[in-house]
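Colleague: This is run-v4.csv (CSV, C-alpha atoms).
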```csv
chain,number,residue,atom,x,y,z
A,5,MET,CA,110.2,58.4,96.4
A,6,ILE,CA,106.7,59.4,97.4
A,7,ASN,CA,106.2,63.1,98.3
A,8,PHE,CA,102.7,63.7,96.9
A,9,CYS,CA,99.5,61.7,96.7
A,10,PRO,CA,99.3,60.0,93.3
A,11,LYS,CA,95.5,60.3,93.5
A,12,CYS,CA,94.9,64.0,94.5
A,13,ALA,CA,98.4,65.6,94.5
A,14,ALA,CA,98.3,66.7,98.2
A,15,PRO,CA,101.5,66.2,100.2
A,16,VAL,CA,101.7,62.8,102.0
A,17,SER,CA,102.9,62.0,105.4
A,18,LEU,CA,104.6,58.8,106.6
A,19,GLU,CA,102.5,57.3,109.4
A,20,ILE,CA,101.0,54.0,110.6
A,21,PRO,CA,97.4,53.8,109.4
A,22,ALA,CA,94.8,52.6,111.9
A,23,GLY,CA,94.8,48.8,112.1
A,24,ASP,CA,98.2,48.6,110.4
A,25,THR,CA,101.7,47.9,111.9
A,26,LEU,CA,104.0,49.7,109.5
A,27,PRO,CA,104.5,53.3,108.3
A,28,ARG,CA,102.9,54.0,104.9
A,29,HIS,CA,102.7,57.2,102.8
A,30,VAL,CA,99.2,58.5,103.7
A,31,CYS,CA,97.4,61.4,102.1
A,32,LYS,CA,96.0,63.8,104.7
A,33,LYS,CA,93.6,65.3,102.2
A,34,CYS,CA,91.9,62.3,100.5
A,35,GLY,CA,93.0,59.5,102.8
A,36,HIS,CA,94.7,57.4,100.1
A,37,ILE,CA,97.3,55.0,101.4
A,38,HIS,CA,100.2,54.3,99.1
A,39,TYR,CA,101.5,50.7,99.7
A,40,GLU,CA,104.9,49.7,98.4
A,41,ASN,CA,105.7,46.0,98.2
A,42,PRO,CA,108.5,43.7,97.0
A,43,ARG,CA,108.8,43.1,93.2
A,44,LEU,CA,109.1,39.7,91.5
A,45,VAL,CA,111.9,39.3,89.0
A,46,VAL,CA,111.1,36.2,86.9
A,47,GLY,CA,113.3,34.4,84.5
A,48,CYS,CA,114.2,31.0,83.0
A,49,ILE,CA,117.1,28.6,82.9
A,50,ALA,CA,116.4,27.5,79.3
A,51,THR,CA,118.3,24.6,77.8
A,52,TRP,CA,119.0,23.2,74.4
A,53,GLY,CA,120.4,19.7,75.0
A,54,GLU,CA,123.2,20.1,77.5
A,55,ARG,CA,123.6,23.8,76.8
A,56,ILE,CA,122.2,26.8,78.8
A,57,LEU,CA,120.9,30.0,77.3
A,58,LEU,CA,122.9,33.0,78.6
A,59,CYS,CA,122.6,36.7,77.8
A,60,ARG,CA,125.3,39.3,78.2
A,61,ARG,CA,123.7,42.5,79.7
A,62,ALA,CA,123.6,45.6,77.5
A,63,ILE,CA,122.2,47.7,80.4
A,64,GLU,CA,123.0,48.6,83.9
A,65,PRO,CA,123.2,47.2,86.5
A,66,ARG,CA,126.0,44.9,85.6
A,67,LEU,CA,126.4,45.9,82.0
A,68,GLY,CA,128.7,43.4,80.2
A,69,PHE,CA,128.1,40.6,82.7
A,70,TRP,CA,126.3,37.3,81.9
A,71,THR,CA,122.8,36.4,83.1
A,72,LEU,CA,119.8,34.2,82.6
A,73,PRO,CA,117.0,36.0,80.8
A,74,ALA,CA,114.8,37.6,83.5
A,75,GLY,CA,113.0,40.8,84.4
A,76,PHE,CA,110.2,42.4,86.4
A,77,MET,CA,106.9,40.6,86.3
A,78,GLU,CA,104.2,42.8,84.8
A,79,ASN,CA,100.6,43.2,85.9
A,80,GLY,CA,98.2,40.9,84.1
A,81,GLU,CA,100.5,38.0,83.5
A,82,THR,CA,101.3,34.8,85.3
A,83,THR,CA,104.8,34.0,86.6
A,84,ALA,CA,105.3,31.4,83.8
A,85,GLN,CA,104.2,33.9,81.2
A,86,ALA,CA,106.7,36.4,82.6
A,87,ALA,CA,109.5,33.9,82.3
A,88,ALA,CA,108.6,33.1,78.7
A,89,ARG,CA,108.2,36.8,77.8
A,90,GLU,CA,111.5,37.8,79.3
A,91,THR,CA,113.3,34.9,77.5
A,92,LEU,CA,111.7,36.0,74.2
A,93,GLU,CA,112.5,39.7,74.8
A,94,GLU,CA,116.1,39.4,76.0
A,95,ALA,CA,117.2,36.3,74.1
A,96,GLY,CA,114.9,36.0,71.1
A,97,ALA,CA,114.1,32.4,72.1
A,98,SER,CA,110.8,30.6,72.4
A,99,ILE,CA,110.6,28.2,75.3
A,100,MET,CA,108.4,25.5,76.7
A,101,ILE,CA,108.1,26.1,80.4
A,102,GLU,CA,108.8,22.9,82.5
A,103,ALA,CA,108.6,23.8,86.2
A,104,PRO,CA,109.5,26.4,88.8
A,105,PHE,CA,113.1,25.8,89.8
A,106,SER,CA,114.6,28.4,92.2
A,107,MET,CA,113.5,31.3,94.3
A,108,VAL,CA,115.7,33.8,96.0
A,109,SER,CA,114.6,36.5,98.5
A,110,ILE,CA,116.8,39.6,98.5
A,111,ALA,CA,115.2,41.6,101.3
A,112,HIS,CA,117.5,44.6,101.2
A,113,ILE,CA,116.4,45.5,97.7
A,114,ASN,CA,112.8,44.4,98.1
A,115,GLN,CA,113.0,41.7,95.4
A,116,VAL,CA,112.2,38.0,94.9
A,117,HIS,CA,114.0,36.3,92.0
A,118,LEU,CA,112.1,33.3,90.6
A,119,PHE,CA,113.5,31.1,87.9
A,120,TYR,CA,111.7,28.4,85.9
A,121,ARG,CA,113.3,25.5,84.0
A,122,GLY,CA,112.4,25.5,80.4
A,123,LYS,CA,113.4,24.0,77.0
A,124,LEU,CA,114.1,26.0,73.8
A,125,THR,CA,111.6,24.9,71.2
A,126,SER,CA,114.3,25.3,68.5
A,127,GLU,CA,118.0,26.3,68.4
A,128,THR,CA,117.0,29.9,67.6
A,129,TYR,CA,118.1,32.9,69.7
A,130,ALA,CA,119.2,36.5,69.1
A,131,ALA,CA,120.2,39.4,71.4
A,132,GLY,CA,117.3,41.7,72.3
A,133,ASP,CA,117.6,45.4,73.1
A,134,GLU,CA,118.8,44.6,76.7
A,135,SER,CA,121.5,42.0,75.6
A,136,LEU,CA,124.9,42.5,73.9
A,137,GLU,CA,125.0,38.9,72.9
A,138,VAL,CA,123.3,35.6,73.6
A,139,THR,CA,124.8,32.2,73.6
A,140,LEU,CA,124.2,28.5,74.5
A,141,ALA,CA,126.9,27.4,76.9
A,142,LYS,CA,127.8,23.9,78.2
A,143,ARG,CA,128.7,23.7,81.9
A,144,ASP,CA,132.4,24.2,81.4
A,145,GLU,CA,131.8,27.1,78.9
A,146,ILE,CA,129.8,29.2,81.5
A,147,PRO,CA,131.7,32.4,82.4
A,148,TRP,CA,131.4,31.6,86.2
A,149,GLY,CA,133.5,34.6,87.2
A,150,ASP,CA,131.4,37.0,85.1
A,151,ILE,CA,127.9,36.2,86.2
A,152,ALA,CA,125.8,39.4,86.8
A,153,PHE,CA,123.8,38.4,89.8
A,154,ARG,CA,124.2,36.0,92.7
A,155,SER,CA,120.7,34.7,92.2
A,156,VAL,CA,121.7,33.6,88.8
A,157,THR,CA,124.8,31.8,90.1
A,158,TYR,CA,122.6,30.1,92.7
A,159,CYS,CA,120.2,28.9,90.0
A,160,LEU,CA,123.0,27.6,87.7
A,161,GLU,CA,124.7,25.7,90.5
A,162,ARG,CA,121.5,24.1,91.7
A,163,TYR,CA,120.7,23.2,88.1
A,164,PHE,CA,124.0,21.3,87.6
A,165,ASP,CA,123.7,19.7,91.0
A,166,ASP,CA,120.2,18.4,90.1
A,167,VAL,CA,121.4,17.2,86.7
A,168,ALA,CA,124.2,15.2,88.5
A,169,ARG,CA,121.8,13.6,91.0
A,170,GLY,CA,119.2,12.9,88.2
A,171,GLN,CA,116.3,14.7,89.8
A,172,PHE,CA,115.1,18.3,89.7
A,173,GLY,CA,113.7,20.0,92.8
A,174,PHE,CA,112.6,23.4,93.8
A,175,HIS,CA,115.4,25.4,95.5
A,176,GLU,CA,115.1,28.4,97.8
A,177,THR,CA,117.5,30.7,99.5
A,178,GLU,CA,117.9,34.3,100.6
A,179,LEU,CA,120.8,36.7,100.0
A,180,ALA,CA,122.1,39.3,102.4
A,181,PRO,CA,124.0,42.4,101.3
A,182,VAL,CA,127.6,41.9,100.3
A,183,ILE,CA,129.8,43.6,103.0
B,22,MET,CA,94.8,55.2,90.6
B,23,ILE,CA,97.8,57.3,89.5
B,24,ASN,CA,96.7,60.9,88.4
B,25,PHE,CA,99.7,62.9,89.7
B,26,CYS,CA,103.4,62.3,90.0
B,27,PRO,CA,104.2,61.1,93.5
B,28,LYS,CA,107.7,62.8,93.3
B,29,CYS,CA,106.7,66.3,92.1
B,30,ALA,CA,102.9,66.4,92.0
B,31,ALA,CA,102.6,67.3,88.3
B,32,PRO,CA,99.9,65.5,86.3
B,33,VAL,CA,101.0,62.2,84.7
B,34,SER,CA,100.2,60.8,81.3
B,35,LEU,CA,99.9,57.2,80.3
B,36,GLU,CA,102.5,56.4,77.6
B,37,ILE,CA,105.1,53.9,76.6
B,38,PRO,CA,108.5,55.2,77.7
B,39,ALA,CA,111.5,55.0,75.3
B,40,GLY,CA,112.9,51.5,75.3
B,41,ASP,CA,109.9,50.0,77.0
B,42,THR,CA,107.0,48.0,75.6
B,43,LEU,CA,104.1,48.8,78.0
B,44,PRO,CA,102.3,52.0,78.9
B,45,ARG,CA,103.4,53.5,82.2
B,46,HIS,CA,102.3,56.6,84.2
B,47,VAL,CA,105.0,59.1,83.2
B,48,CYS,CA,105.5,62.6,84.6
B,49,LYS,CA,105.9,65.1,81.9
B,50,LYS,CA,107.6,67.6,84.3
B,51,CYS,CA,110.3,65.6,86.1
B,52,GLY,CA,110.4,62.4,84.0
B,53,HIS,CA,109.6,60.1,86.8
B,54,ILE,CA,108.2,56.7,85.6
B,55,HIS,CA,105.7,55.1,88.0
B,56,TYR,CA,105.8,51.3,87.7
B,57,GLU,CA,103.1,49.0,89.0
B,58,ASN,CA,103.8,45.3,89.4
B,59,PRO,CA,102.1,42.2,90.8
B,60,ARG,CA,102.1,41.7,94.6
B,61,LEU,CA,103.1,38.6,96.5
B,62,VAL,CA,100.7,37.3,99.0
B,63,VAL,CA,102.6,34.9,101.3
B,64,GLY,CA,101.3,32.5,103.9
B,65,CYS,CA,101.7,29.1,105.5
B,66,ILE,CA,100.1,25.7,105.8
B,67,ALA,CA,101.1,25.2,109.4
B,68,THR,CA,100.6,21.9,111.1
B,69,TRP,CA,100.4,20.5,114.6
B,70,GLY,CA,100.5,16.7,114.2
B,71,GLU,CA,97.8,15.9,111.7
B,72,ARG,CA,96.0,19.1,112.2
B,73,ILE,CA,96.1,22.3,110.0
B,74,LEU,CA,96.0,25.8,111.4
B,75,LEU,CA,93.0,27.7,109.9
B,76,CYS,CA,91.7,31.2,110.5
B,77,ARG,CA,88.2,32.6,110.0
B,78,ARG,CA,88.4,36.0,108.4
B,79,ALA,CA,87.3,39.1,110.3
B,80,ILE,CA,87.8,41.4,107.3
B,81,GLU,CA,86.7,41.7,103.7
B,82,PRO,CA,87.1,40.2,101.2
B,83,ARG,CA,85.5,36.9,102.3
B,84,LEU,CA,84.7,37.9,105.8
B,85,GLY,CA,83.5,34.9,107.8
B,86,PHE,CA,85.2,32.4,105.5
B,87,TRP,CA,88.2,30.2,106.4
B,88,THR,CA,91.7,30.6,105.2
B,89,LEU,CA,95.3,29.8,105.8
B,90,PRO,CA,97.2,32.7,107.5
B,91,ALA,CA,98.6,34.8,104.6
B,92,GLY,CA,99.0,38.4,103.6
B,93,PHE,CA,100.9,40.9,101.5
B,94,MET,CA,104.7,40.5,101.6
B,95,GLU,CA,106.4,43.7,102.9
B,96,ASN,CA,109.5,45.5,101.8
B,97,GLY,CA,112.6,44.5,103.7
B,98,GLU,CA,111.6,40.9,104.5
B,99,THR,CA,112.1,37.5,102.8
B,100,THR,CA,109.3,35.3,101.7
B,101,ALA,CA,109.9,32.9,104.6
B,102,GLN,CA,109.8,35.8,107.1
B,103,ALA,CA,106.6,37.1,105.5
B,104,ALA,CA,105.0,33.6,106.0
B,105,ALA,CA,106.1,33.4,109.6
B,106,ARG,CA,105.0,37.0,110.4
B,107,GLU,CA,101.5,36.6,108.9
B,108,THR,CA,101.0,33.3,110.8
B,109,LEU,CA,102.0,35.1,114.0
B,110,GLU,CA,99.8,38.2,113.3
B,111,GLU,CA,96.6,36.4,112.1
B,112,ALA,CA,96.8,33.2,114.1
B,113,GLY,CA,99.0,34.0,117.1
B,114,ALA,CA,101.2,31.0,116.3
B,115,SER,CA,104.9,30.6,116.1
B,116,ILE,CA,106.1,28.3,113.4
B,117,MET,CA,109.2,26.6,112.1
B,118,ILE,CA,109.3,27.1,108.3
B,119,GLU,CA,109.9,23.9,106.4
B,120,ALA,CA,109.8,24.5,102.6
B,121,PRO,CA,108.0,26.4,99.9
B,122,PHE,CA,104.9,24.4,99.0
B,123,SER,CA,102.6,26.0,96.5
B,124,MET,CA,102.5,29.0,94.2
B,125,VAL,CA,99.4,30.4,92.4
B,126,SER,CA,99.4,33.1,89.8
B,127,ILE,CA,96.2,35.1,89.6
B,128,ALA,CA,96.9,37.4,86.7
B,129,HIS,CA,93.6,39.3,86.6
B,130,ILE,CA,94.2,40.7,90.1
B,131,ASN,CA,97.9,41.1,89.7
B,132,GLN,CA,98.8,38.7,92.6
B,133,VAL,CA,101.0,35.7,93.2
B,134,HIS,CA,100.0,33.6,96.2
B,135,LEU,CA,102.9,31.6,97.8
B,136,PHE,CA,102.4,29.2,100.6
B,137,TYR,CA,105.1,27.5,102.8
B,138,ARG,CA,104.8,24.3,104.8
B,139,GLY,CA,105.6,24.9,108.4
B,140,LYS,CA,105.2,23.3,111.8
B,141,LEU,CA,103.8,25.0,115.0
B,142,THR,CA,106.5,25.2,117.7
B,143,SER,CA,103.8,24.6,120.3
B,144,GLU,CA,100.0,24.1,120.5
B,145,THR,CA,99.5,27.8,121.0
B,146,TYR,CA,97.3,30.0,118.8
B,147,ALA,CA,94.9,32.9,119.2
B,148,ALA,CA,92.9,35.0,116.8
B,149,GLY,CA,94.6,38.2,115.7
B,150,ASP,CA,92.8,41.4,114.7
B,151,GLU,CA,92.1,40.1,111.2
B,152,SER,CA,90.7,36.7,112.4
B,153,LEU,CA,87.3,35.9,114.1
B,154,GLU,CA,88.6,32.6,115.3
B,155,VAL,CA,91.5,30.2,114.8
B,156,THR,CA,91.4,26.4,115.0
B,157,LEU,CA,93.5,23.3,114.3
B,158,ALA,CA,91.5,21.0,112.0
B,159,LYS,CA,92.0,17.5,110.8
B,160,ARG,CA,91.3,16.7,107.1
B,161,ASP,CA,87.7,15.7,107.7
B,162,GLU,CA,87.1,18.7,110.0
B,163,ILE,CA,88.1,21.3,107.3
B,164,PRO,CA,85.1,23.4,106.2
B,165,TRP,CA,85.8,22.7,102.5
B,166,GLY,CA,82.7,24.5,101.4
B,167,ASP,CA,83.6,27.7,103.3
B,168,ILE,CA,87.2,28.3,102.2
B,169,ALA,CA,87.8,32.0,101.5
B,170,PHE,CA,90.1,31.7,98.4
B,171,ARG,CA,90.7,29.2,95.6
B,172,SER,CA,94.5,29.4,96.2
B,173,VAL,CA,93.9,28.1,99.7
B,174,THR,CA,91.8,25.2,98.6
B,175,TYR,CA,94.5,24.4,96.0
B,176,CYS,CA,97.2,24.4,98.8
B,177,LEU,CA,95.1,22.2,101.1
B,178,GLU,CA,94.3,19.7,98.4
B,179,ARG,CA,97.9,19.4,97.3
B,180,TYR,CA,99.0,19.0,100.9
B,181,PHE,CA,96.7,16.1,101.6
B,182,ASP,CA,97.6,14.5,98.3
B,183,ASP,CA,101.3,14.7,99.2
B,184,VAL,CA,100.7,13.3,102.7
B,185,ALA,CA,98.9,10.4,101.0
B,186,ARG,CA,101.8,9.7,98.6
B,187,GLY,CA,104.4,10.2,101.4
B,188,GLN,CA,106.4,12.9,99.7
B,189,PHE,CA,106.1,16.7,99.6
B,190,GLY,CA,106.7,18.6,96.3
B,191,PHE,CA,106.3,22.2,95.1
B,192,HIS,CA,103.1,22.8,93.3
B,193,GLU,CA,102.2,25.5,90.9
B,194,THR,CA,99.1,26.6,89.1
B,195,GLU,CA,97.3,29.6,87.8
B,196,LEU,CA,93.7,30.7,88.3
B,197,ALA,CA,91.5,32.5,85.8
B,198,PRO,CA,88.5,34.7,86.7
B,199,VAL,CA,85.3,32.8,87.8
B,200,ILE,CA,82.7,33.4,85.1
```
For the structure just supplied, provide its representation as structure tokens.
Modeller:
Amino acid sequence: MINFCPKCAAPVSLEIPAGDTLPRHVCKKCGHIHYENPRLVVGCIATWGERILLCRRAIEPRLGFWTLPAGFMENGETTAQAAARETLEEAGASIMIEAPFSMVSIAHINQVHLFYRGKLTSETYAAGDESLEVTLAKRDEIPWGDIAFRSVTYCLERYFDDVARGQFGFHETELAPVI
Amino acid sequence: MINFCPKCAAPVSLEIPAGDTLPRHVCKKCGHIHYENPRLVVGCIATWGERILLCRRAIEPRLGFWTLPAGFMENGETTAQAAARETLEEAGASIMIEAPFSMVSIAHINQVHLFYRGKLTSETYAAGDESLEVTLAKRDEIPWGDIAFRSVTYCLERYFDDVARGQFGFHETELAPVI
């Protein structure tokens, strides 16, 4: 919610700046234009042998449901650093990043969810502040009906498909609102 | 530059909110936390036969240098829609998106540059407001010494490598500041 200019505190108005095509919050006093853009949520499908590292969420949204470690990318880091940081913060696990694996655009919430493949560097993990518990699950142990987000289900499904065909790709899709 | 709360106009202070790990601009009056995150710049390496669609920049940074059509992803669109929109706006060209092709993290400017592969739907293009001219260039016609951004050079080089090996992949790297 942008009511006032974050630079000079004057009220802003929503208008299309000269040379632009979309309405922005513009300060009538100092001229500052406040852009809002989609955010990247970055995470990792991290494995130890055949097992996948999963976290049960301790926070909303989707408290109590299972997810891959992931979170908002921060300024000053790379996407791969964001994936490793989130895996350490939420699952207490150190990983070796392998490659980008899946990307999901969710336009109605202004997010892009990006997951890397990675390998745990040891069989060590522990729930961080945002997780109720963390586990390593084989395919048939994954709580498929209790996954927190559709982008996570998409990533898990593509992962096991790629394991079955013996080759990892990079997978992309978009998700529309659930009616 | 965040000096005042965009929600209530009170002065903000830079502090680490409870349960967080990084300093944020926090409003002492209404409690609003202002997050700033990396932005996605999305574009396309669009082809017509063997030729690549290139734009010469009419705006800073790098005015006069050559680039692939690309720009900041907007709220409410998917990454693929952003790539197609930018190609239409900057190069007047309609494309069929093929697949994500390259991703470059540039941590020191809080950006991630994502390029798709795409094909022009007809041999039609025209300079938009942000381009001085637009052209279709074969490999040996590309002005390699006058490319605007390193992420564009990376994308072009990977593209021709993949053409040579007969298979397209998804390519990722990160760029550090030029010393």
Colleague: Report, in Å to a single decimal, how far apart atom CA of A:Thr125 and atom CA of A:Trp52 are.
Modeller: 8.2 Å
Colleague: For atom CA of B:Ala103 and atom CA of B:Ile163, quote the distance in Å rounded to one decimal.
Modeller: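 Result for atom CA of B:Ala103 versus atom CA of B:Ile163: 24.4 Å, one decimal.
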Colleague: Using only C-alpha atoms, pick whichever of A:Met77, A:Leu140, A:Ile151, A:Leu179 has the shortest atom-to-atom distance to A:Met107.
Modeller: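 Among A:Met77, A:Leu140, A:Ile151, A:Leu179, it is A:Leu179 that comes nearest to A:Met107.
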Colleague: Counting all atoms listed in the file, what is within 12 Å of B:Leu74, bar same-chain residues fewer than 2 positions away, as an MDAnalysis selection string?
Modeller: chainID B and resid 64:72 76:77 87:91 108:109 111:116 138:141 143:148 154:160 162:163 177
Colleague: Export C-alpha atoms of the chosen residues as a compact mmCIF listing (two decimals), keeping the file's coordinate frame?
Modeller:
```
# COMPACT_ATOMS: atom_id res chain seq x y z
CA GLY B 64 101.30 32.50 103.90
CA CYS B 65 101.70 29.10 105.50
CA ILE B 66 100.10 25.70 105.80
CA ALA B 67 101.10 25.20 109.40
CA THR B 68 100.60 21.90 111.10
CA TRP B 69 100.40 20.50 114.60
CA GLY B 70 100.50 16.70 114.20
CA GLU B 71 97.80 15.90 111.70
CA ARG B 72 96.00 19.10 112.20
CA CYS B 76 91.70 31.20 110.50
CA ARG B 77 88.20 32.60 110.00
CA TRP B 87 88.20 30.20 106.40
CA THR B 88 91.70 30.60 105.20
CA LEU B 89 95.30 29.80 105.80
CA PRO B 90 97.20 32.70 107.50
CA ALA B 91 98.60 34.80 104.60
CA THR B 108 101.00 33.30 110.80
CA LEU B 109 102.00 35.10 114.00
CA GLU B 111 96.60 36.40 112.10
CA ALA B 112 96.80 33.20 114.10
CA GLY B 113 99.00 34.00 117.10
CA ALA B 114 101.20 31.00 116.30
CA SER B 115 104.90 30.60 116.10
CA ILE B 116 106.10 28.30 113.40
CA ARG B 138 104.80 24.30 104.80
CA GLY B 139 105.60 24.90 108.40
CA LYS B 140 105.20 23.30 111.80
CA LEU B 141 103.80 25.00 115.00
CA SER B 143 103.80 24.60 120.30
CA GLU B 144 100.00 24.10 120.50
CA THR B 145 99.50 27.80 121.00
CA TYR B 146 97.30 30.00 118.80
CA ALA B 147 94.90 32.90 119.20
CA ALA B 148 92.90 35.00 116.80
CA GLU B 154 88.60 32.60 115.30
CA VAL B 155 91.50 30.20 114.80
CA THR B 156 91.40 26.40 115.00
CA LEU B 157 93.50 23.30 114.30
CA ALA B 158 91.50 21.00 112.00
CA LYS B 159 92.00 17.50 110.80
CA ARG B 160 91.30 16.70 107.10
CA GLU B 162 87.10 18.70 110.00
CA ILE B 163 88.10 21.30 107.30
CA LEU B 177 95.10 22.20 101.10
```
Colleague: How many Å lie between atom CA of B:Lys49 and atom CA of A:Pro15, rounded to one decimal?
Modeller: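 It comes out at 18.9 Å.
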Colleague: Please produce, as JSON lines, a per-residue contact table for chain A versus chain B (criterion: any atom at most 6 Å away, all atoms listed in the file considered), showing the nearest atom pair and its distance in Å to one decimal, sorted by chain then residue number.
Modeller:
```
{"residue": "A:Met5", "atom": "CA", "partner": "B:Lys28", "partner_atom": "CA", "distance": 5.9}
{"residue": "A:Ile6", "atom": "CA", "partner": "B:Pro27", "partner_atom": "CA", "distance": 4.9}
{"residue": "A:Asn7", "atom": "CA", "partner": "B:Lys28", "partner_atom": "CA", "distance": 5.2}
{"residue": "A:Phe8", "atom": "CA", "partner": "B:Pro27", "partner_atom": "CA", "distance": 4.5}
{"residue": "A:Cys9", "atom": "CA", "partner": "B:Pro27", "partner_atom": "CA", "distance": 5.7}
{"residue": "A:Pro10", "atom": "CA", "partner": "B:Phe25", "partner_atom": "CA", "distance": 4.6}
{"residue": "A:Lys11", "atom": "CA", "partner": "B:Asn24", "partner_atom": "CA", "distance": 5.3}
{"residue": "A:Ala13", "atom": "CA", "partner": "B:Ala30", "partner_atom": "CA", "distance": 5.2}
{"residue": "A:Asn41", "atom": "CA", "partner": "B:Asn96", "partner_atom": "CA", "distance": 5.3}
{"residue": "A:Pro42", "atom": "CA", "partner": "B:Asn96", "partner_atom": "CA", "distance": 5.2}
{"residue": "A:Glu78", "atom": "CA", "partner": "B:Asn58", "partner_atom": "CA", "distance": 5.3}
{"residue": "A:Asn79", "atom": "CA", "partner": "B:Asn131", "partner_atom": "CA", "distance": 5.1}
{"residue": "A:Gly80", "atom": "CA", "partner": "B:Ala128", "partner_atom": "CA", "distance": 4.5}
{"residue": "A:Glu81", "atom": "CA", "partner": "B:Ala128", "partner_atom": "CA", "distance": 4.9}
{"residue": "A:Thr82", "atom": "CA", "partner": "B:Ser126", "partner_atom": "CA", "distance": 5.2}
{"residue": "A:Ser109", "atom": "CA", "partner": "B:Thr99", "partner_atom": "CA", "distance": 5.1}
{"residue": "A:Ala111", "atom": "CA", "partner": "B:Gly97", "partner_atom": "CA", "distance": 4.6}
{"residue": "A:His112", "atom": "CA", "partner": "B:Gly97", "partner_atom": "CA", "distance": 5.5}
{"residue": "A:Asn114", "atom": "CA", "partner": "B:Asn96", "partner_atom": "CA", "distance": 5.1}
```
Colleague: Using only C-alpha atoms, which of B:Leu84, B:Val62, B:Glu36, B:Ala79 sits nearest B:Ala169?
Modeller: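 The shortest atom-to-atom distance to B:Ala169 comes from B:Leu84.
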Colleague: For each of A:Thr157, A:Arg28, A:Glu64, A:Tyr120, take the minimum atom-to-atom distance to A:Ala88, counting all atoms listed in the file, then give the residue where this is smallest.
Modeller: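 Once distances to A:Ala88 are computed over all atoms listed in the file, the minimum belongs to A:Tyr120.
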Colleague: Which of these, A:Ser155, A:Ile37, A:Phe172, A:Glu90, has the shortest distance to A:Ile20 once you count all atoms listed in the file?
Modeller: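 Selected residue with least distance to A:Ile20: A:Ile37.
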Colleague: Once 5 Å is added on each side, what are the centre and the three edge lengths, in Å to one decimal, of the axis-aligned box enclosing the listed atoms of stretch 149-157 of chain A? Present them as JSON.
Modeller:
```
{"center_x": 127.1, "center_y": 35.6, "center_z": 88.9, "size_x": 22.8, "size_y": 17.6, "size_z": 17.6}
```
